[in-house]
Amino acid sequence: MATVIGLALASGCATAQEPEAAAEVAPTAPTAKARAQPLSTAQLKDLAFKDGEVPQAHEPLSVQGPPPEGSERSFPPISVPACRPLIDVRSGEGSFAHVFQIFNWKKNIMGGSSTLASYAGDEAVRRFAELRQALTTCRSYEGEGYVGPFEVTVRTETPPQVGEEALAFREISPVESDPAGDRSEQFVVVRTGNTIATFSELSVGTDLSFPTELISRQVERLKDAQQP
């Protein structure tokens, strides 16, 4: 159920962003250009978490590659083109290779997920810069997903201190049919070398966050895998 809801909305509408929120995405200059060969799908799968490594989640822990090209349903463009990087980065758009991992938490039935993506050359740096820029202007957008039309409000958050660059934001959608409250999905995006890892945590009526300890462990694995 959580997986379906999380993937069904490509993720809205909003009010002006407070200056403090804008400061949360102030750029941190990359320390070095990515030069390693991009990791393959097989390598990314091997770097994802295995059974026994995430006690917070039910097992088995599945890792999936992207579906065959052309097999996914297409949707109309979102209402605000400037917000598009928020969707592209978490889906691994334009990557050399990417994989998805689902986490069915024991204490949050809505669940979480991660996307591990590798990019050729300096493409990861460029994609991350596009996301950073988008978060300075994107307040909301509307679109259509597997469960129909949606609208989300975008709110930036303070990211954990991991990787070479990190950003965090939350997308909040009204759910009229659910008395528990609005749908809230947090995204933490981390670049290390020529990889970008995106972690998401879905909740309803409250704002839950993806476990920072797991983010740190996953990012360290991606870093180590790119060492010469």
# chains A, B, ... in the order shown; residues from 1 in each chain; ligands from 1
>>> closest_atom_pairs(of="region 81-144 of chain A", to="region 187-198 of chain A", cutoff="8 Å", atoms="only C-alpha atoms", output="JSON lines")
{"residue": "A:Val89", "atom": "CA", "partner": "A:Thr198", "partner_atom": "CA", "distance": 7.6}
{"residue": "A:Arg90", "atom": "CA", "partner": "A:Thr198", "partner_atom": "CA", "distance": 5.6}
{"residue": "A:Ser114", "atom": "CA", "partner": "A:Thr198", "partner_atom": "CA", "distance": 5.4}
{"residue": "A:Thr115", "atom": "CA", "partner": "A:Thr198", "partner_atom": "CA", "distance": 5.1}
{"residue": "A:Leu116", "atom": "CA", "partner": "A:Ala197", "partner_atom": "CA", "distance": 4.6}
{"residue": "A:Ala117", "atom": "CA", "partner": "A:Ile196", "partner_atom": "CA", "distance": 5.3}
{"residue": "A:Ser118", "atom": "CA", "partner": "A:Thr195", "partner_atom": "CA", "distance": 4.3}
{"residue": "A:Tyr119", "atom": "CA", "partner": "A:Asn194", "partner_atom": "CA", "distance": 5.4}
{"residue": "A:Ala120", "atom": "CA", "partner": "A:Asn194", "partner_atom": "CA", "distance": 6.9}
{"residue": "A:Gly121", "atom": "CA", "partner": "A:Asn194", "partner_atom": "CA", "distance": 7.1}
{"residue": "A:Asp122", "atom": "CA", "partner": "A:Asn194", "partner_atom": "CA", "distance": 6.7}
{"residue": "A:Glu123", "atom": "CA", "partner": "A:Asn194", "partner_atom": "CA", "distance": 7.3}
{"residue": "A:Ala124", "atom": "CA", "partner": "A:Asn194", "partner_atom": "CA", "distance": 5.1}
{"residue": "A:Val125", "atom": "CA", "partner": "A:Asn194", "partner_atom": "CA", "distance": 7.2}
{"residue": "A:Phe128", "atom": "CA", "partner": "A:Arg191", "partner_atom": "CA", "distance": 7.2}
>>> residues_around(residues="region 51-59 of chain A", least_positions_apart="4", cutoff="12 Å", atoms="only C-alpha atoms", output="VMD selection string")
chain A and resid 46 to 47 63 101 to 113 210 to 211 213 to 215 217 to 218
>>> write_last_selection(atoms="N, CA and C atoms", output="short mmCIF file (atom, residue, chain, number, x, y, z; two decimals), in the first residue's frame")
data_model
loop_
_atom_site.label_atom_id
_atom_site.label_comp_id
_atom_site.auth_asym_id
_atom_site.auth_seq_id
_atom_site.Cartn_x
_atom_site.Cartn_y
_atom_site.Cartn_z
N ASP A 46 24.48 -4.06 -5.72
CA ASP A 46 25.33 -4.67 -4.69
C ASP A 46 25.58 -3.71 -3.54
N LEU A 47 25.53 -2.40 -3.80
CA LEU A 47 25.77 -1.40 -2.76
C LEU A 47 24.52 -1.09 -1.94
N VAL A 63 15.51 -4.83 -4.25
CA VAL A 63 16.21 -3.83 -5.05
C VAL A 63 15.81 -4.06 -6.50
N GLN A 101 15.12 0.99 -4.15
CA GLN A 101 14.95 0.09 -3.01
C GLN A 101 13.78 0.56 -2.17
N ILE A 102 12.93 -0.39 -1.79
CA ILE A 102 11.74 -0.09 -0.99
C ILE A 102 11.98 -0.54 0.45
N PHE A 103 11.54 0.29 1.40
CA PHE A 103 11.66 -0.04 2.82
C PHE A 103 10.26 -0.08 3.43
N ASN A 104 9.81 -1.25 3.80
CA ASN A 104 8.52 -1.40 4.48
C ASN A 104 8.81 -1.38 5.99
N TRP A 105 8.71 -0.18 6.56
CA TRP A 105 9.10 0.01 7.96
C TRP A 105 8.18 -0.74 8.92
N LYS A 106 8.76 -1.12 10.04
CA LYS A 106 7.98 -1.78 11.09
C LYS A 106 7.14 -0.76 11.86
N LYS A 107 7.57 0.51 11.91
CA LYS A 107 6.86 1.51 12.68
C LYS A 107 6.18 2.58 11.82
N ASN A 108 6.23 2.44 10.52
CA ASN A 108 5.55 3.37 9.62
C ASN A 108 5.03 2.59 8.43
N ILE A 109 3.74 2.29 8.42
CA ILE A 109 3.18 1.45 7.37
C ILE A 109 3.20 2.14 6.01
N MET A 110 3.41 3.47 5.99
CA MET A 110 3.46 4.17 4.71
C MET A 110 4.75 3.88 3.95
N GLY A 111 5.83 3.59 4.67
CA GLY A 111 7.06 3.14 4.03
C GLY A 111 7.97 4.24 3.52
N GLY A 112 9.14 3.80 3.02
CA GLY A 112 10.13 4.70 2.46
C GLY A 112 10.81 4.05 1.27
N SER A 113 11.71 4.78 0.63
CA SER A 113 12.40 4.23 -0.54
C SER A 113 13.70 4.98 -0.76
N PHE A 210 13.32 10.17 6.82
CA PHE A 210 14.09 8.96 6.57
C PHE A 210 15.22 8.88 7.59
N PRO A 211 15.50 7.69 8.14
CA PRO A 211 16.54 7.57 9.17
C PRO A 211 17.90 8.09 8.71
N GLU A 213 20.80 7.75 10.00
CA GLU A 213 21.86 6.76 10.13
C GLU A 213 21.95 5.89 8.88
N LEU A 214 20.80 5.53 8.30
CA LEU A 214 20.79 4.73 7.08
C LEU A 214 21.30 5.55 5.89
N ILE A 215 20.93 6.83 5.85
CA ILE A 215 21.43 7.70 4.77
C ILE A 215 22.95 7.75 4.81
N ARG A 217 25.11 5.64 6.12
CA ARG A 217 25.72 4.35 5.74
C ARG A 217 25.67 4.13 4.24
N GLN A 218 24.55 4.46 3.63
CA GLN A 218 24.43 4.24 2.19
C GLN A 218 25.37 5.16 1.41
#
>>> select_by_dssp(residues="region 28-152 of chain A", states="strand (DSSP E)", output="PDB file with all heavy atoms, in the first residue's frame")
ATOM      1  N   VAL A  63      15.506  -4.828  -4.253  1.00  0.00           N
ATOM      2  CA  VAL A  63      16.206  -3.827  -5.050  1.00  0.00           C
ATOM      3  C   VAL A  63      15.812  -4.057  -6.497  1.00  0.00           C
ATOM      4  O   VAL A  63      15.923  -5.173  -7.008  1.00  0.00           O
ATOM      5  CB  VAL A  63      17.736  -3.933  -4.908  1.00  0.00           C
ATOM      6  CG1 VAL A  63      18.429  -2.806  -5.655  1.00  0.00           C
ATOM      7  CG2 VAL A  63      18.138  -3.933  -3.451  1.00  0.00           C
ATOM      8  N   GLN A  64      15.363  -3.009  -7.155  1.00  0.00           N
ATOM      9  CA  GLN A  64      14.861  -3.148  -8.518  1.00  0.00           C
ATOM     10  C   GLN A  64      15.573  -2.194  -9.457  1.00  0.00           C
ATOM     11  O   GLN A  64      15.887  -1.061  -9.089  1.00  0.00           O
ATOM     12  CB  GLN A  64      13.360  -2.851  -8.554  1.00  0.00           C
ATOM     13  CG  GLN A  64      12.538  -3.685  -7.593  1.00  0.00           C
ATOM     14  CD  GLN A  64      11.122  -3.152  -7.435  1.00  0.00           C
ATOM     15  OE1 GLN A  64      10.758  -2.147  -8.021  1.00  0.00           O
ATOM     16  NE2 GLN A  64      10.322  -3.838  -6.640  1.00  0.00           N
ATOM     17  N   ALA A  97      23.084   4.740 -14.804  1.00  0.00           N
ATOM     18  CA  ALA A  97      22.424   3.557 -14.236  1.00  0.00           C
ATOM     19  C   ALA A  97      21.745   3.966 -12.946  1.00  0.00           C
ATOM     20  O   ALA A  97      22.197   4.896 -12.263  1.00  0.00           O
ATOM     21  CB  ALA A  97      23.430   2.443 -13.966  1.00  0.00           C
ATOM     22  N   HIS A  98      20.650   3.302 -12.590  1.00  0.00           N
ATOM     23  CA  HIS A  98      20.001   3.582 -11.307  1.00  0.00           C
ATOM     24  C   HIS A  98      19.168   2.392 -10.866  1.00  0.00           C
ATOM     25  O   HIS A  98      18.720   1.588 -11.681  1.00  0.00           O
ATOM     26  CB  HIS A  98      19.138   4.851 -11.366  1.00  0.00           C
ATOM     27  CG  HIS A  98      18.001   4.798 -12.341  1.00  0.00           C
ATOM     28  ND1 HIS A  98      18.146   5.079 -13.678  1.00  0.00           N
ATOM     29  CD2 HIS A  98      16.690   4.510 -12.164  1.00  0.00           C
ATOM     30  CE1 HIS A  98      16.982   4.977 -14.299  1.00  0.00           C
ATOM     31  NE2 HIS A  98      16.084   4.628 -13.398  1.00  0.00           N
ATOM     32  N   VAL A  99      18.997   2.308  -9.539  1.00  0.00           N
ATOM     33  CA  VAL A  99      18.193   1.239  -8.939  1.00  0.00           C
ATOM     34  C   VAL A  99      17.313   1.843  -7.857  1.00  0.00           C
ATOM     35  O   VAL A  99      17.597   2.920  -7.332  1.00  0.00           O
ATOM     36  CB  VAL A  99      19.069   0.114  -8.336  1.00  0.00           C
ATOM     37  CG1 VAL A  99      19.919  -0.541  -9.402  1.00  0.00           C
ATOM     38  CG2 VAL A  99      19.943   0.653  -7.205  1.00  0.00           C
ATOM     39  N   PHE A 100      16.236   1.128  -7.530  1.00  0.00           N
ATOM     40  CA  PHE A 100      15.302   1.561  -6.499  1.00  0.00           C
ATOM     41  C   PHE A 100      15.261   0.525  -5.383  1.00  0.00           C
ATOM     42  O   PHE A 100      15.335  -0.678  -5.641  1.00  0.00           O
ATOM     43  CB  PHE A 100      13.887   1.704  -7.072  1.00  0.00           C
ATOM     44  CG  PHE A 100      13.802   2.603  -8.279  1.00  0.00           C
ATOM     45  CD1 PHE A 100      13.777   2.065  -9.555  1.00  0.00           C
ATOM     46  CD2 PHE A 100      13.752   3.981  -8.136  1.00  0.00           C
ATOM     47  CE1 PHE A 100      13.698   2.873 -10.675  1.00  0.00           C
ATOM     48  CE2 PHE A 100      13.674   4.806  -9.244  1.00  0.00           C
ATOM     49  CZ  PHE A 100      13.647   4.250 -10.525  1.00  0.00           C
ATOM     50  N   GLN A 101      15.124   0.995  -4.149  1.00  0.00           N
ATOM     51  CA  GLN A 101      14.955   0.086  -3.013  1.00  0.00           C
ATOM     52  C   GLN A 101      13.780   0.559  -2.170  1.00  0.00           C
ATOM     53  O   GLN A 101      13.647   1.748  -1.875  1.00  0.00           O
ATOM     54  CB  GLN A 101      16.225   0.021  -2.170  1.00  0.00           C
ATOM     55  CG  GLN A 101      16.137  -1.010  -1.042  1.00  0.00           C
ATOM     56  CD  GLN A 101      17.494  -1.457  -0.532  1.00  0.00           C
ATOM     57  OE1 GLN A 101      18.407  -0.654  -0.398  1.00  0.00           O
ATOM     58  NE2 GLN A 101      17.624  -2.741  -0.256  1.00  0.00           N
ATOM     59  N   ILE A 102      12.928  -0.391  -1.794  1.00  0.00           N
ATOM     60  CA  ILE A 102      11.740  -0.094  -0.988  1.00  0.00           C
ATOM     61  C   ILE A 102      11.981  -0.540   0.450  1.00  0.00           C
ATOM     62  O   ILE A 102      12.538  -1.607   0.700  1.00  0.00           O
ATOM     63  CB  ILE A 102      10.502  -0.818  -1.557  1.00  0.00           C
ATOM     64  CG1 ILE A 102      10.275  -0.409  -3.015  1.00  0.00           C
ATOM     65  CG2 ILE A 102       9.277  -0.517  -0.708  1.00  0.00           C
ATOM     66  CD1 ILE A 102      10.019   1.060  -3.223  1.00  0.00           C
ATOM     67  N   PHE A 103      11.542   0.290   1.402  1.00  0.00           N
ATOM     68  CA  PHE A 103      11.658  -0.042   2.819  1.00  0.00           C
ATOM     69  C   PHE A 103      10.257  -0.079   3.429  1.00  0.00           C
ATOM     70  O   PHE A 103       9.597   0.963   3.546  1.00  0.00           O
ATOM     71  CB  PHE A 103      12.519   0.991   3.555  1.00  0.00           C
ATOM     72  CG  PHE A 103      13.923   1.092   3.022  1.00  0.00           C
ATOM     73  CD1 PHE A 103      14.234   2.015   2.037  1.00  0.00           C
ATOM     74  CD2 PHE A 103      14.920   0.250   3.496  1.00  0.00           C
ATOM     75  CE1 PHE A 103      15.521   2.119   1.527  1.00  0.00           C
ATOM     76  CE2 PHE A 103      16.220   0.336   2.990  1.00  0.00           C
ATOM     77  CZ  PHE A 103      16.515   1.273   2.006  1.00  0.00           C
ATOM     78  N   GLY A 112       9.139   3.799   3.023  1.00  0.00           N
ATOM     79  CA  GLY A 112      10.128   4.704   2.462  1.00  0.00           C
ATOM     80  C   GLY A 112      10.807   4.048   1.273  1.00  0.00           C
ATOM     81  O   GLY A 112      10.524   2.896   0.937  1.00  0.00           O
ATOM     82  N   SER A 113      11.706   4.776   0.627  1.00  0.00           N
ATOM     83  CA  SER A 113      12.403   4.228  -0.540  1.00  0.00           C
ATOM     84  C   SER A 113      13.703   4.982  -0.759  1.00  0.00           C
ATOM     85  O   SER A 113      13.946   6.049  -0.177  1.00  0.00           O
ATOM     86  CB  SER A 113      11.534   4.334  -1.794  1.00  0.00           C
ATOM     87  OG  SER A 113      11.344   5.700  -2.163  1.00  0.00           O
ATOM     88  N   SER A 114      14.537   4.422  -1.612  1.00  0.00           N
ATOM     89  CA  SER A 114      15.760   5.115  -2.018  1.00  0.00           C
ATOM     90  C   SER A 114      15.988   4.869  -3.500  1.00  0.00           C
ATOM     91  O   SER A 114      15.594   3.834  -4.045  1.00  0.00           O
ATOM     92  CB  SER A 114      16.975   4.636  -1.213  1.00  0.00           C
ATOM     93  OG  SER A 114      17.279   3.286  -1.516  1.00  0.00           O
ATOM     94  N   THR A 115      16.634   5.832  -4.151  1.00  0.00           N
ATOM     95  CA  THR A 115      17.072   5.700  -5.536  1.00  0.00           C
ATOM     96  C   THR A 115      18.564   5.962  -5.560  1.00  0.00           C
ATOM     97  O   THR A 115      19.015   7.023  -5.087  1.00  0.00           O
ATOM     98  CB  THR A 115      16.367   6.704  -6.463  1.00  0.00           C
ATOM     99  OG1 THR A 115      14.955   6.503  -6.391  1.00  0.00           O
ATOM    100  CG2 THR A 115      16.823   6.533  -7.904  1.00  0.00           C
ATOM    101  N   LEU A 116      19.327   5.021  -6.070  1.00  0.00           N
ATOM    102  CA  LEU A 116      20.772   5.184  -6.208  1.00  0.00           C
ATOM    103  C   LEU A 116      21.073   5.327  -7.687  1.00  0.00           C
ATOM    104  O   LEU A 116      20.769   4.438  -8.482  1.00  0.00           O
ATOM    105  CB  LEU A 116      21.516   3.973  -5.635  1.00  0.00           C
ATOM    106  CG  LEU A 116      21.120   3.521  -4.223  1.00  0.00           C
ATOM    107  CD1 LEU A 116      21.969   2.321  -3.790  1.00  0.00           C
ATOM    108  CD2 LEU A 116      21.237   4.662  -3.228  1.00  0.00           C
ATOM    109  N   ALA A 117      21.662   6.463  -8.069  1.00  0.00           N
ATOM    110  CA  ALA A 117      21.904   6.737  -9.484  1.00  0.00           C
ATOM    111  C   ALA A 117      23.347   7.139  -9.714  1.00  0.00           C
ATOM    112  O   ALA A 117      23.931   7.883  -8.929  1.00  0.00           O
ATOM    113  CB  ALA A 117      20.970   7.842  -9.972  1.00  0.00           C
ATOM    114  N   SER A 118      23.928   6.647 -10.800  1.00  0.00           N
ATOM    115  CA  SER A 118      25.279   7.041 -11.190  1.00  0.00           C
ATOM    116  C   SER A 118      25.206   7.802 -12.510  1.00  0.00           C
ATOM    117  O   SER A 118      24.325   7.563 -13.340  1.00  0.00           O
ATOM    118  CB  SER A 118      26.182   5.810 -11.344  1.00  0.00           C
ATOM    119  OG  SER A 118      25.735   4.993 -12.423  1.00  0.00           O
ATOM    120  N   SER A 140       5.206  25.204  -5.545  1.00  0.00           N
ATOM    121  CA  SER A 140       4.122  24.242  -5.694  1.00  0.00           C
ATOM    122  C   SER A 140       3.969  23.880  -7.164  1.00  0.00           C
ATOM    123  O   SER A 140       4.499  24.570  -8.047  1.00  0.00           O
ATOM    124  CB  SER A 140       2.802  24.828  -5.182  1.00  0.00           C
ATOM    125  OG  SER A 140       2.416  25.924  -5.994  1.00  0.00           O
ATOM    126  N   TYR A 141       3.283  22.789  -7.425  1.00  0.00           N
ATOM    127  CA  TYR A 141       2.938  22.426  -8.794  1.00  0.00           C
ATOM    128  C   TYR A 141       1.793  21.423  -8.784  1.00  0.00           C
ATOM    129  O   TYR A 141       1.472  20.834  -7.751  1.00  0.00           O
ATOM    130  CB  TYR A 141       4.150  21.873  -9.553  1.00  0.00           C
ATOM    131  CG  TYR A 141       4.746  20.597  -8.999  1.00  0.00           C
ATOM    132  CD1 TYR A 141       4.302  19.346  -9.412  1.00  0.00           C
ATOM    133  CD2 TYR A 141       5.778  20.649  -8.064  1.00  0.00           C
ATOM    134  CE1 TYR A 141       4.863  18.177  -8.914  1.00  0.00           C
ATOM    135  CE2 TYR A 141       6.342  19.499  -7.556  1.00  0.00           C
ATOM    136  CZ  TYR A 141       5.888  18.254  -7.995  1.00  0.00           C
ATOM    137  OH  TYR A 141       6.435  17.110  -7.487  1.00  0.00           O
ATOM    138  N   GLU A 142       1.201  21.256  -9.927  1.00  0.00           N
ATOM    139  CA  GLU A 142       0.119  20.299 -10.103  1.00  0.00           C
ATOM    140  C   GLU A 142       0.488  19.336 -11.221  1.00  0.00           C
ATOM    141  O   GLU A 142       1.292  19.651 -12.095  1.00  0.00           O
ATOM    142  CB  GLU A 142      -1.188  21.023 -10.440  1.00  0.00           C
ATOM    143  CG  GLU A 142      -1.649  21.990  -9.367  1.00  0.00           C
ATOM    144  CD  GLU A 142      -2.908  22.732  -9.765  1.00  0.00           C
ATOM    145  OE1 GLU A 142      -3.472  22.405 -10.834  1.00  0.00           O
ATOM    146  OE2 GLU A 142      -3.316  23.646  -9.018  1.00  0.00           O
ATOM    147  N   GLY A 143      -0.093  18.161 -11.166  1.00  0.00           N
ATOM    148  CA  GLY A 143       0.186  17.163 -12.192  1.00  0.00           C
ATOM    149  C   GLY A 143      -0.809  16.036 -12.139  1.00  0.00           C
ATOM    150  O   GLY A 143      -1.862  16.126 -11.496  1.00  0.00           O
ATOM    151  N   GLU A 144      -0.464  14.976 -12.828  1.00  0.00           N
ATOM    152  CA  GLU A 144      -1.321  13.787 -12.862  1.00  0.00           C
ATOM    153  C   GLU A 144      -0.466  12.556 -12.648  1.00  0.00           C
ATOM    154  O   GLU A 144       0.624  12.431 -13.229  1.00  0.00           O
ATOM    155  CB  GLU A 144      -2.041  13.693 -14.210  1.00  0.00           C
ATOM    156  CG  GLU A 144      -3.015  12.530 -14.314  1.00  0.00           C
ATOM    157  CD  GLU A 144      -3.749  12.499 -15.646  1.00  0.00           C
ATOM    158  OE1 GLU A 144      -3.871  13.560 -16.281  1.00  0.00           O
ATOM    159  OE2 GLU A 144      -4.195  11.410 -16.046  1.00  0.00           O
ATOM    160  N   GLY A 145      -0.932  11.655 -11.776  1.00  0.00           N
ATOM    161  CA  GLY A 145      -0.202  10.428 -11.487  1.00  0.00           C
ATOM    162  C   GLY A 145      -1.082   9.218 -11.676  1.00  0.00           C
ATOM    163  O   GLY A 145      -2.186   9.310 -12.231  1.00  0.00           O
ATOM    164  N   GLY A 148      -4.504   9.682 -10.355  1.00  0.00           N
ATOM    165  CA  GLY A 148      -5.255  10.833 -10.836  1.00  0.00           C
ATOM    166  C   GLY A 148      -4.545  12.149 -10.586  1.00  0.00           C
ATOM    167  O   GLY A 148      -3.353  12.182 -10.248  1.00  0.00           O
ATOM    168  N   PRO A 149      -5.252  13.274 -10.733  1.00  0.00           N
ATOM    169  CA  PRO A 149      -4.649  14.598 -10.553  1.00  0.00           C
ATOM    170  C   PRO A 149      -4.171  14.802  -9.114  1.00  0.00           C
ATOM    171  O   PRO A 149      -4.737  14.250  -8.178  1.00  0.00           O
ATOM    172  CB  PRO A 149      -5.799  15.558 -10.886  1.00  0.00           C
ATOM    173  CG  PRO A 149      -6.753  14.752 -11.689  1.00  0.00           C
ATOM    174  CD  PRO A 149      -6.661  13.352 -11.161  1.00  0.00           C
ATOM    175  N   PHE A 150      -3.138  15.606  -8.959  1.00  0.00           N
ATOM    176  CA  PHE A 150      -2.629  15.921  -7.625  1.00  0.00           C
ATOM    177  C   PHE A 150      -2.067  17.331  -7.623  1.00  0.00           C
ATOM    178  O   PHE A 150      -1.777  17.916  -8.678  1.00  0.00           O
ATOM    179  CB  PHE A 150      -1.538  14.934  -7.200  1.00  0.00           C
ATOM    180  CG  PHE A 150      -0.290  15.001  -8.047  1.00  0.00           C
ATOM    181  CD1 PHE A 150       0.710  15.916  -7.770  1.00  0.00           C
ATOM    182  CD2 PHE A 150      -0.117  14.143  -9.121  1.00  0.00           C
ATOM    183  CE1 PHE A 150       1.864  15.992  -8.539  1.00  0.00           C
ATOM    184  CE2 PHE A 150       1.024  14.207  -9.911  1.00  0.00           C
ATOM    185  CZ  PHE A 150       2.019  15.130  -9.615  1.00  0.00           C
ATOM    186  N   GLU A 151      -1.900  17.870  -6.438  1.00  0.00           N
ATOM    187  CA  GLU A 151      -1.206  19.139  -6.252  1.00  0.00           C
ATOM    188  C   GLU A 151      -0.367  19.038  -4.998  1.00  0.00           C
ATOM    189  O   GLU A 151      -0.756  18.392  -4.031  1.00  0.00           O
ATOM    190  CB  GLU A 151      -2.186  20.304  -6.142  1.00  0.00           C
ATOM    191  CG  GLU A 151      -3.149  20.218  -4.967  1.00  0.00           C
ATOM    192  CD  GLU A 151      -4.091  21.403  -4.920  1.00  0.00           C
ATOM    193  OE1 GLU A 151      -4.646  21.731  -5.968  1.00  0.00           O
ATOM    194  OE2 GLU A 151      -4.252  21.979  -3.829  1.00  0.00           O
ATOM    195  N   VAL A 152       0.807  19.615  -5.029  1.00  0.00           N
ATOM    196  CA  VAL A 152       1.687  19.546  -3.866  1.00  0.00           C
ATOM    197  C   VAL A 152       2.255  20.925  -3.545  1.00  0.00           C
ATOM    198  O   VAL A 152       2.457  21.759  -4.432  1.00  0.00           O
ATOM    199  CB  VAL A 152       2.867  18.561  -4.063  1.00  0.00           C
ATOM    200  CG1 VAL A 152       2.372  17.163  -4.350  1.00  0.00           C
ATOM    201  CG2 VAL A 152       3.796  19.043  -5.157  1.00  0.00           C
TER     202      VAL A 152
END
>>> atom_distance(atom1="CA of Gly163 (chain A)", atom2="CA of Arg221 (chain A)")
10.6 Å
>>> residues_around(residues="Leu167 (chain A)", least_positions_apart="2", cutoff="8 Å", atoms="only C-alpha atoms", output="PDB file with N, CA and C atoms, in the first residue's frame")
ATOM      1  N   VAL A  25      18.946  25.918   1.451  1.00  0.00           N
ATOM      2  CA  VAL A  25      19.479  25.315   0.247  1.00  0.00           C
ATOM      3  C   VAL A  25      20.619  26.158  -0.324  1.00  0.00           C
ATOM      4  N   ARG A 132      19.171  22.249  -6.974  1.00  0.00           N
ATOM      5  CA  ARG A 132      19.374  23.342  -6.030  1.00  0.00           C
ATOM      6  C   ARG A 132      18.680  24.613  -6.518  1.00  0.00           C
ATOM      7  N   GLU A 157      13.875  21.850   3.701  1.00  0.00           N
ATOM      8  CA  GLU A 157      14.267  21.493   5.054  1.00  0.00           C
ATOM      9  C   GLU A 157      15.791  21.487   5.153  1.00  0.00           C
ATOM     10  N   THR A 158      16.288  21.417   6.362  1.00  0.00           N
ATOM     11  CA  THR A 158      17.732  21.339   6.572  1.00  0.00           C
ATOM     12  C   THR A 158      18.193  19.898   6.356  1.00  0.00           C
ATOM     13  N   PRO A 159      19.122  19.666   5.424  1.00  0.00           N
ATOM     14  CA  PRO A 159      19.563  18.298   5.153  1.00  0.00           C
ATOM     15  C   PRO A 159      20.593  17.813   6.158  1.00  0.00           C
ATOM     16  N   GLU A 165      27.422  17.090  -1.217  1.00  0.00           N
ATOM     17  CA  GLU A 165      26.326  18.055  -1.256  1.00  0.00           C
ATOM     18  C   GLU A 165      25.055  17.340  -0.821  1.00  0.00           C
ATOM     19  N   PHE A 169      13.885  18.380   1.042  1.00  0.00           N
ATOM     20  CA  PHE A 169      12.630  19.105   0.855  1.00  0.00           C
ATOM     21  C   PHE A 169      11.473  18.156   1.107  1.00  0.00           C
ATOM     22  N   VAL A 188      15.392  13.437   0.750  1.00  0.00           N
ATOM     23  CA  VAL A 188      16.756  13.843   1.071  1.00  0.00           C
ATOM     24  C   VAL A 188      17.625  13.401  -0.103  1.00  0.00           C
ATOM     25  N   VAL A 189      18.317  14.356  -0.715  1.00  0.00           N
ATOM     26  CA  VAL A 189      19.100  14.088  -1.921  1.00  0.00           C
ATOM     27  C   VAL A 189      20.570  14.378  -1.623  1.00  0.00           C
ATOM     28  N   VAL A 190      21.425  13.399  -1.908  1.00  0.00           N
ATOM     29  CA  VAL A 190      22.840  13.520  -1.554  1.00  0.00           C
ATOM     30  C   VAL A 190      23.703  13.173  -2.762  1.00  0.00           C
TER      31      VAL A 190
END
>>> closest_residue(among="A:Gly65, A:Ala36, A:Ala166, A:Pro85", to="Leu131 (chain A)", atoms="only C-alpha atoms")
A:Pro85
>>> select_by_dssp(residues="region 9-228 of chain A", states="helix (DSSP H, G or I)", output="number ranges by chain")
A: 19-23, 41-47, 81-90, 123-137, 212-225
>>> decode(residues="region 86-98 of chain A", atoms="N, CA and C atoms", output="PDB file, in the first residue's frame")
ATOM      1  N   LEU A  86      12.816  18.409  -9.412  1.00  0.00           N
ATOM      2  CA  LEU A  86      12.455  17.720  -8.179  1.00  0.00           C
ATOM      3  C   LEU A  86      11.996  16.296  -8.472  1.00  0.00           C
ATOM      4  N   ILE A  87      11.362  16.117  -9.619  1.00  0.00           N
ATOM      5  CA  ILE A  87      10.879  14.799 -10.017  1.00  0.00           C
ATOM      6  C   ILE A  87      11.987  14.001 -10.703  1.00  0.00           C
ATOM      7  N   ASP A  88      12.742  14.680 -11.576  1.00  0.00           N
ATOM      8  CA  ASP A  88      13.768  13.980 -12.347  1.00  0.00           C
ATOM      9  C   ASP A  88      14.847  13.372 -11.466  1.00  0.00           C
ATOM     10  N   VAL A  89      15.282  14.113 -10.433  1.00  0.00           N
ATOM     11  CA  VAL A  89      16.399  13.619  -9.631  1.00  0.00           C
ATOM     12  C   VAL A  89      16.022  12.373  -8.858  1.00  0.00           C
ATOM     13  N   ARG A  90      14.782  12.315  -8.366  1.00  0.00           N
ATOM     14  CA  ARG A  90      14.409  11.146  -7.561  1.00  0.00           C
ATOM     15  C   ARG A  90      14.039   9.935  -8.402  1.00  0.00           C
ATOM     16  N   SER A  91      13.904  10.133  -9.705  1.00  0.00           N
ATOM     17  CA  SER A  91      13.617   9.009 -10.586  1.00  0.00           C
ATOM     18  C   SER A  91      14.847   8.572 -11.371  1.00  0.00           C
ATOM     19  N   GLY A  92      15.991   9.232 -11.122  1.00  0.00           N
ATOM     20  CA  GLY A  92      17.214   8.852 -11.820  1.00  0.00           C
ATOM     21  C   GLY A  92      17.231   9.254 -13.279  1.00  0.00           C
ATOM     22  N   GLU A  93      16.437  10.240 -13.640  1.00  0.00           N
ATOM     23  CA  GLU A  93      16.358  10.687 -15.028  1.00  0.00           C
ATOM     24  C   GLU A  93      17.731  11.143 -15.529  1.00  0.00           C
ATOM     25  N   GLY A  94      18.118  10.657 -16.709  1.00  0.00           N
ATOM     26  CA  GLY A  94      19.387  11.049 -17.301  1.00  0.00           C
ATOM     27  C   GLY A  94      20.602  10.366 -16.723  1.00  0.00           C
ATOM     28  N   SER A  95      20.402   9.387 -15.861  1.00  0.00           N
ATOM     29  CA  SER A  95      21.542   8.716 -15.231  1.00  0.00           C
ATOM     30  C   SER A  95      22.138   7.651 -16.140  1.00  0.00           C
ATOM     31  N   PHE A  96      23.362   7.275 -15.841  1.00  0.00           N
ATOM     32  CA  PHE A  96      24.016   6.165 -16.529  1.00  0.00           C
ATOM     33  C   PHE A  96      23.382   4.846 -16.106  1.00  0.00           C
ATOM     34  N   ALA A  97      23.084   4.740 -14.804  1.00  0.00           N
ATOM     35  CA  ALA A  97      22.424   3.557 -14.236  1.00  0.00           C
ATOM     36  C   ALA A  97      21.745   3.966 -12.946  1.00  0.00           C
ATOM     37  N   HIS A  98      20.650   3.302 -12.590  1.00  0.00           N
ATOM     38  CA  HIS A  98      20.001   3.582 -11.307  1.00  0.00           C
ATOM     39  C   HIS A  98      19.168   2.392 -10.866  1.00  0.00           C
TER      40      HIS A  98
END
